[in-house]
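Worksheet for the structure shown next.
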Amino acid sequence: MNRRSFITTSAMVLPVVASTLASSLDARSVSAPAIATRATKKRNVLFICCDDLTPRIGSFGVPVVKTPNLDRLSQLGVRFERNYCQYPLCAPSRTSLMTGLAPDTTRVWDLDTDFRDTIPQTVTLPQLFHKNGYFTARAGKIYHYNNSSEIGTPGFDDAASWKVSANPAGYDRTHDEGLVTFYVSEQKIVEAGGVAQNFTANQHVSKKSNKLGVPWLRGGTGPGGIRIAQDGRTPILPLSKNGDLGVPIAGHASEGSDEMMTDYMVAESAIAMIEEHRNEPWFIGSGFFRPHVPFIVPSKYFDMYSLDEMELPRLDPDELKAAPRLAYLSMDANYGMTERQHREAIRAHFAAISFVDAQVGRLLDALARLELMDNTTIVFWSDHGFMVGEHGQWEKRMLFEASAHVPLFIAGAGVNAKGKACRRTVEHLNIYPTLAEMCELKETPANLQGRSMVYLLSNPDGQWNQPAITQVGRTVGSASIMGYSLRTERYRYTMWGDEGEELYDYWEDPREVKNQATDAGSADIKSKLRSNLEHICTARRVAGNSSKSV
């Protein structure tokens with residue numbers, strides 16, 4: 001099969017039940033040492049996530065970004081320095097992590113597809129905890145929301161995953177959106193992106209709304225002309241004069257206090273749930289909306305940074321020629337921002353990170369106050385990365401390092417190697433089987449496509465030969481092209497069908513400016529990486545719908 005056939009058909013193939021998985025993909029294929037000993041009481045899980053965060057964190061070696069609480073969390077567990085998402089877009093990434101299945105198995109590649117339509121019998125991670133006797137709940141964004149318009153609604157939540165959910169909306173959503181400063185407008189982003197941004201998976205979007213005659217079932221204008229959220233029933237809060245701010249790069253130093261902000265309320269809801277259910281086992285998600293645009297946080301977080309200390313990513317004159325055209329969203333470097341706009345946008349992004357960090361600190365303080373730290377496993381992750389000018393690009397939906405690279409901490413109960421860094425290459429798919437093993441859950445789905453990382457929680461430098469796979473869709477004419485990227489500890493190989501390839505050696509080229517895909521001296525390593533990538537992607541597409549349990 002040539003690369004175009006492999007890639008263009010990969011998004012069209014329905015997953016089928018596979019009796020076996022390649023050993024390199026089997027979550028149970030490698031033996032691991034015993035999990036850190038614990039009492040018979042079930043472990044709790046505090047499941048913290050945020051939106052749009054590449055590891056620009058103090059403990060990841062970026063001291064300019066002030067994250068004292070994430071740095072504190074790093075000392076309580078293992079910091080995974082090479083963790084990658086499966087798809088650098090909200091819904092596909094979150095669906096993959098929560099189901100333990102790759103995007104080509106879930107068939108969720110866009111923001112409109114409900115995995116309950118494509119893989120309806122899937123047992124999600126919180127569902128498995130519920131089946132094992134846990135109270136499961138979330139506050140804020142765990143599954144996909146249109147951020148920020150759907151703040152205050154369930155978004156595209158999976159109701160079957162939770163017993164209780166909370167959807168707060170703060171001053172940032174109800175007041176400050178009308179006050180933002182635009183660093184780049186939505187119109188400019190859309191115009192610059194062109195066809196690269198137009199990938200959809202409409203052939204797989206549920207036809208349920210058409211059958212029922214309810215056009216707003218997946219969001220849209222409701223019967224009275226009010227916009228409805230993606231749950232199909234909850235009206236969204238009115239938009240400000242600035243409209244929907246989910247795309248433009250914009251920010252505002254709010255006069256509102258921390259307590260008035262949505263993410264403060266998210267943490268508050270999670271803490272209230274923890275306190276109420278502290279005497280029973282629980283799995284509670286705290287999903288923060290920042291640092292996703294718009295960067296609206298209290299002004300004191302902006303005051304933590306000066307424009308002068310904002311270091312702009314280096315951009316070489318020919319850098320936008322290094323990779324195939326589909327690798328980029330825009331050929332207009334930084335959307336034509338001035339240097340001052342660029343610095344202001346980065347400062348606003350950093351301010352939003354520091355605000356989220358403060359909410360993480362509140363969660364950690366609550367666990368300590370309630371004396372739950374010794375029996376609670378804490379996971380912190382983001383759905384995907386966020387580019388701030390690397391290769392002249394912004395935001396996500398690309399297969400470069402800053403778009404696919406995501407922070408991951410696993411800390412607290414069950415983690416032996418506290419305060420250690422793991423530099424092995426891991427991926428979001430590994431989180432589900434890891435937590436299932438750590439908490440000794442029964443009836444874990446047999447078709448999970450990740451591999452438990454419990455071994456690395458005791459031996460972060462131990463042997464580990466798994467790569468990470470990230471993919472993203474593009475449209476070329478009438479054809480849908482899926483780009484696939486394989487990351488090892490040293491290399492990244494990316495293929496775009498007949499539209500081109502990329503190969504980077506991070507030991508020699510950490511900035512990804514030397515594409516070695518056409519170098520004769522790299523032919524052997526490229527061939528090996530491509531073969532491994534095609535093998536894994538094929539296995540993931542045809543596996544995953546088994547209803548068997550282990």
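Convention: chains lettered A, B, ... in structure tokens order; per-chain residue numbering from 1; ligands numbered from 1 as shown.
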*Please give the complete set of residues from stretch 116-273 of chain A that DSSP, run on the backbone, assigns to strand (DSSP E or B), formatted as number ranges by chain.*
A: 135-140, 164-166, 181-184, 220-221, 227-228, 235, 249-254
Same residues, N, CA and C atoms, saved as a short mmCIF file (atom, residue, chain, number, x, y, z; two decimals), in the first residue's frame:
```
data_model
loop_
_atom_site.label_atom_id
_atom_site.label_comp_id
_atom_site.auth_asym_id
_atom_site.auth_seq_id
_atom_site.Cartn_x
_atom_site.Cartn_y
_atom_site.Cartn_z
N PHE A 135 -17.42 6.81 43.60
CA PHE A 135 -18.19 7.99 43.25
C PHE A 135 -17.42 8.72 42.16
N THR A 136 -18.07 9.01 41.05
CA THR A 136 -17.41 9.69 39.93
C THR A 136 -18.09 11.02 39.65
N ALA A 137 -17.30 12.05 39.49
CA ALA A 137 -17.85 13.38 39.27
C ALA A 137 -16.82 14.23 38.55
N ARG A 138 -17.32 15.31 37.96
CA ARG A 138 -16.42 16.27 37.32
C ARG A 138 -16.93 17.68 37.57
N ALA A 139 -16.00 18.62 37.55
CA ALA A 139 -16.30 20.04 37.51
C ALA A 139 -15.53 20.62 36.35
N GLY A 140 -16.22 21.40 35.49
CA GLY A 140 -15.56 22.01 34.36
C GLY A 140 -15.37 21.07 33.19
N VAL A 164 -22.26 12.97 39.16
CA VAL A 164 -22.50 14.38 39.42
C VAL A 164 -21.57 15.20 38.53
N SER A 165 -22.07 16.34 38.05
CA SER A 165 -21.21 17.26 37.29
C SER A 165 -21.57 18.69 37.64
N ALA A 166 -20.60 19.59 37.46
CA ALA A 166 -20.80 21.01 37.75
C ALA A 166 -20.27 21.82 36.59
N THR A 181 -8.41 42.45 24.42
CA THR A 181 -7.54 43.01 23.39
C THR A 181 -7.23 41.89 22.39
N PHE A 182 -7.42 42.17 21.12
CA PHE A 182 -7.12 41.17 20.08
C PHE A 182 -5.68 41.34 19.64
N TYR A 183 -4.92 40.26 19.77
CA TYR A 183 -3.57 40.22 19.22
C TYR A 183 -3.63 39.74 17.77
N VAL A 184 -4.55 38.80 17.50
CA VAL A 184 -4.84 38.35 16.13
C VAL A 184 -6.34 38.06 16.05
N GLY A 220 -26.04 24.48 17.92
CA GLY A 220 -26.56 25.32 16.84
C GLY A 220 -27.67 26.22 17.37
N THR A 221 -28.40 26.79 16.44
CA THR A 221 -29.48 27.70 16.81
C THR A 221 -30.72 26.90 17.21
N ARG A 227 -28.66 30.24 20.70
CA ARG A 227 -27.67 29.20 20.43
C ARG A 227 -27.70 28.15 21.53
N ILE A 228 -27.68 26.89 21.11
CA ILE A 228 -27.73 25.74 22.02
C ILE A 228 -26.36 25.09 22.07
N PRO A 235 -29.07 26.22 26.56
CA PRO A 235 -28.70 27.46 25.87
C PRO A 235 -27.38 28.00 26.41
N ILE A 249 -6.68 35.10 18.95
CA ILE A 249 -5.71 35.20 20.03
C ILE A 249 -5.95 36.52 20.72
N ALA A 250 -6.52 36.46 21.92
CA ALA A 250 -6.96 37.65 22.63
C ALA A 250 -6.78 37.44 24.13
N GLY A 251 -6.71 38.55 24.86
CA GLY A 251 -6.56 38.46 26.31
C GLY A 251 -7.05 39.71 27.00
N HIS A 252 -7.14 39.58 28.33
CA HIS A 252 -7.58 40.73 29.13
C HIS A 252 -7.14 40.54 30.57
N ALA A 253 -6.52 41.59 31.12
CA ALA A 253 -6.16 41.59 32.54
C ALA A 253 -7.38 42.04 33.33
N SER A 254 -8.09 41.09 33.91
CA SER A 254 -9.39 41.37 34.51
C SER A 254 -9.27 42.12 35.83
#
```
Please, which residues in stretch 117-169 of chain A fall within 12 Å of stretch 381-388 of chain A when counting only C-alpha atoms, and what is the closest atom pair and distance in Å to one decimal for each, ordered by chain then residue number, as a tab-separated table?
```
residue	atom	partner	partner_atom	distance
A:Lys141	CA	A:Asp383	CA	10.5
A:Ile142	CA	A:Asp383	CA	9.1
A:Tyr143	CA	A:Asp383	CA	9.6
A:His144	CA	A:Asp383	CA	9.6
A:Tyr145	CA	A:Asp383	CA	11.8
```
For the selection just defined, write its residues with C-alpha atoms to a file, as a PDB file, in the first residue's frame.
```
ATOM      1  CA  LYS A 141     -14.097  20.684  31.131  1.00  0.00           C
ATOM      2  CA  ILE A 142     -13.056  17.038  30.934  1.00  0.00           C
ATOM      3  CA  TYR A 143     -14.668  16.066  27.645  1.00  0.00           C
ATOM      4  CA  HIS A 144     -14.933  18.582  24.818  1.00  0.00           C
ATOM      5  CA  TYR A 145     -16.476  22.017  25.235  1.00  0.00           C
TER       6      TYR A 145
END
```
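Across A:Asp374, A:Glu437, A:Glu186, A:Glu401, the tightest approach to A:Asp244 is made by A:Glu186 when counting only C-alpha atoms.
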_I need the residues of stretch 382-536 of chain A that end up classed as alpha helix (DSSP H) by DSSP on the backbone, written out as number ranges by chain._
A: 401-404, 431-438, 454-458, 523-536
Residues just named, written with N, CA and C atoms as a PDB file, in the first residue's frame:
```pdb
ATOM      1  N   GLU A 401       6.535  19.609  17.620  1.00  0.00           N
ATOM      2  CA  GLU A 401       6.709  19.264  19.028  1.00  0.00           C
ATOM      3  C   GLU A 401       5.830  20.093  19.957  1.00  0.00           C
ATOM      4  N   ALA A 402       5.804  21.408  19.780  1.00  0.00           N
ATOM      5  CA  ALA A 402       5.078  22.264  20.719  1.00  0.00           C
ATOM      6  C   ALA A 402       3.570  22.088  20.641  1.00  0.00           C
ATOM      7  N   SER A 403       3.078  21.497  19.573  1.00  0.00           N
ATOM      8  CA  SER A 403       1.652  21.240  19.429  1.00  0.00           C
ATOM      9  C   SER A 403       1.251  19.897  20.022  1.00  0.00           C
ATOM     10  N   ALA A 404       2.133  18.906  19.915  1.00  0.00           N
ATOM     11  CA  ALA A 404       1.809  17.547  20.370  1.00  0.00           C
ATOM     12  C   ALA A 404       2.328  17.227  21.765  1.00  0.00           C
ATOM     13  N   ILE A 431      -2.629   6.452  29.969  1.00  0.00           N
ATOM     14  CA  ILE A 431      -3.160   6.884  31.260  1.00  0.00           C
ATOM     15  C   ILE A 431      -4.263   5.950  31.754  1.00  0.00           C
ATOM     16  N   TYR A 432      -5.170   5.560  30.890  1.00  0.00           N
ATOM     17  CA  TYR A 432      -6.272   4.670  31.282  1.00  0.00           C
ATOM     18  C   TYR A 432      -5.753   3.363  31.884  1.00  0.00           C
ATOM     19  N   PRO A 433      -4.921   2.594  31.158  1.00  0.00           N
ATOM     20  CA  PRO A 433      -4.455   1.332  31.753  1.00  0.00           C
ATOM     21  C   PRO A 433      -3.597   1.532  32.998  1.00  0.00           C
ATOM     22  N   THR A 434      -2.902   2.658  33.077  1.00  0.00           N
ATOM     23  CA  THR A 434      -2.078   2.923  34.261  1.00  0.00           C
ATOM     24  C   THR A 434      -2.954   3.071  35.498  1.00  0.00           C
ATOM     25  N   LEU A 435      -3.987   3.889  35.414  1.00  0.00           N
ATOM     26  CA  LEU A 435      -4.870   4.091  36.569  1.00  0.00           C
ATOM     27  C   LEU A 435      -5.651   2.829  36.904  1.00  0.00           C
ATOM     28  N   ALA A 436      -6.045   2.081  35.889  1.00  0.00           N
ATOM     29  CA  ALA A 436      -6.762   0.830  36.139  1.00  0.00           C
ATOM     30  C   ALA A 436      -5.890  -0.141  36.931  1.00  0.00           C
ATOM     31  N   GLU A 437      -4.604  -0.199  36.591  1.00  0.00           N
ATOM     32  CA  GLU A 437      -3.698  -1.087  37.320  1.00  0.00           C
ATOM     33  C   GLU A 437      -3.385  -0.542  38.703  1.00  0.00           C
ATOM     34  N   MET A 438      -3.122   0.749  38.810  1.00  0.00           N
ATOM     35  CA  MET A 438      -2.782   1.341  40.101  1.00  0.00           C
ATOM     36  C   MET A 438      -3.895   1.132  41.121  1.00  0.00           C
ATOM     37  N   VAL A 454       2.802   1.861  35.149  1.00  0.00           N
ATOM     38  CA  VAL A 454       3.094   1.602  36.557  1.00  0.00           C
ATOM     39  C   VAL A 454       4.570   1.281  36.757  1.00  0.00           C
ATOM     40  N   TYR A 455       5.148   0.537  35.847  1.00  0.00           N
ATOM     41  CA  TYR A 455       6.577   0.220  35.916  1.00  0.00           C
ATOM     42  C   TYR A 455       7.420   1.494  36.017  1.00  0.00           C
ATOM     43  N   LEU A 456       7.062   2.512  35.228  1.00  0.00           N
ATOM     44  CA  LEU A 456       7.846   3.749  35.212  1.00  0.00           C
ATOM     45  C   LEU A 456       7.635   4.587  36.467  1.00  0.00           C
ATOM     46  N   LEU A 457       6.563   4.340  37.192  1.00  0.00           N
ATOM     47  CA  LEU A 457       6.330   5.083  38.427  1.00  0.00           C
ATOM     48  C   LEU A 457       7.269   4.633  39.545  1.00  0.00           C
ATOM     49  N   SER A 458       7.866   3.476  39.358  1.00  0.00           N
ATOM     50  CA  SER A 458       8.898   3.016  40.281  1.00  0.00           C
ATOM     51  C   SER A 458      10.290   3.084  39.666  1.00  0.00           C
ATOM     52  N   ALA A 523      18.089   7.517   5.217  1.00  0.00           N
ATOM     53  CA  ALA A 523      17.128   6.608   4.585  1.00  0.00           C
ATOM     54  C   ALA A 523      16.802   5.403   5.461  1.00  0.00           C
ATOM     55  N   ASP A 524      17.817   4.822   6.093  1.00  0.00           N
ATOM     56  CA  ASP A 524      17.583   3.607   6.883  1.00  0.00           C
ATOM     57  C   ASP A 524      16.718   3.898   8.102  1.00  0.00           C
ATOM     58  N   ILE A 525      17.050   4.947   8.861  1.00  0.00           N
ATOM     59  CA  ILE A 525      16.257   5.242  10.052  1.00  0.00           C
ATOM     60  C   ILE A 525      14.851   5.678   9.652  1.00  0.00           C
ATOM     61  N   LYS A 526      14.726   6.418   8.551  1.00  0.00           N
ATOM     62  CA  LYS A 526      13.397   6.815   8.096  1.00  0.00           C
ATOM     63  C   LYS A 526      12.552   5.597   7.746  1.00  0.00           C
ATOM     64  N   SER A 527      13.138   4.645   7.065  1.00  0.00           N
ATOM     65  CA  SER A 527      12.411   3.436   6.686  1.00  0.00           C
ATOM     66  C   SER A 527      11.934   2.670   7.920  1.00  0.00           C
ATOM     67  N   LYS A 528      12.789   2.566   8.929  1.00  0.00           N
ATOM     68  CA  LYS A 528      12.412   1.851  10.150  1.00  0.00           C
ATOM     69  C   LYS A 528      11.291   2.568  10.891  1.00  0.00           C
ATOM     70  N   LEU A 529      11.406   3.882  10.994  1.00  0.00           N
ATOM     71  CA  LEU A 529      10.377   4.646  11.695  1.00  0.00           C
ATOM     72  C   LEU A 529       9.052   4.588  10.955  1.00  0.00           C
ATOM     73  N   ARG A 530       9.104   4.702   9.629  1.00  0.00           N
ATOM     74  CA  ARG A 530       7.868   4.655   8.844  1.00  0.00           C
ATOM     75  C   ARG A 530       7.201   3.291   8.954  1.00  0.00           C
ATOM     76  N   SER A 531       7.973   2.248   8.906  1.00  0.00           N
ATOM     77  CA  SER A 531       7.413   0.902   9.026  1.00  0.00           C
ATOM     78  C   SER A 531       6.736   0.718  10.380  1.00  0.00           C
ATOM     79  N   ASN A 532       7.384   1.184  11.435  1.00  0.00           N
ATOM     80  CA  ASN A 532       6.801   1.075  12.770  1.00  0.00           C
ATOM     81  C   ASN A 532       5.521   1.901  12.874  1.00  0.00           C
ATOM     82  N   LEU A 533       5.537   3.099  12.312  1.00  0.00           N
ATOM     83  CA  LEU A 533       4.355   3.955  12.342  1.00  0.00           C
ATOM     84  C   LEU A 533       3.187   3.306  11.605  1.00  0.00           C
ATOM     85  N   GLU A 534       3.423   2.784  10.428  1.00  0.00           N
ATOM     86  CA  GLU A 534       2.345   2.161   9.660  1.00  0.00           C
ATOM     87  C   GLU A 534       1.802   0.932  10.379  1.00  0.00           C
ATOM     88  N   HIS A 535       2.693   0.171  10.995  1.00  0.00           N
ATOM     89  CA  HIS A 535       2.260  -1.025  11.726  1.00  0.00           C
ATOM     90  C   HIS A 535       1.351  -0.658  12.896  1.00  0.00           C
ATOM     91  N   ILE A 536       1.752   0.325  13.681  1.00  0.00           N
ATOM     92  CA  ILE A 536       0.968   0.702  14.852  1.00  0.00           C
ATOM     93  C   ILE A 536      -0.367   1.305  14.434  1.00  0.00           C
TER      94      ILE A 536
END
```
*Using only C-alpha atoms, determine which residues lie at most 7 Å from A:Arg79, disregarding the query and same-chain residues fewer than 4 positions distant; provide the list as a PyMOL selection string.*
chain A and resi 74+408-410+420-422
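Residue nearest A:Thr153 within the list A:Leu367, A:Leu237, A:Ala348, A:Ile271: A:Leu237 [criterion: smallest interatomic distance, only C-alpha atoms].
Minimum atom-to-atom distances from A:Ser478, A:Pro467, A:Thr377, A:Tyr484 to A:Leu76 were compared using only C-alpha atoms, and the lowest value belongs to A:Thr377.
Across the structure, atom CA of A:Gln466 and atom CA of A:Glu81 are spaced 14.4 Å apart.
In this structure, atom CA of A:Gln341 sits 24.4 Å away from atom CA of A:Ala327.
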*Rank A:Leu97, A:Ile481, A:Val64, A:Cys90 by their smallest atom-to-atom distance to A:Arg347, using only C-alpha atoms, and report the top residue only.*
A:Val64
*With distances taken over only C-alpha atoms, which of A:Met495, A:Val266, A:Val297, A:Cys439 is nearest to A:Leu128?*
A:Cys439
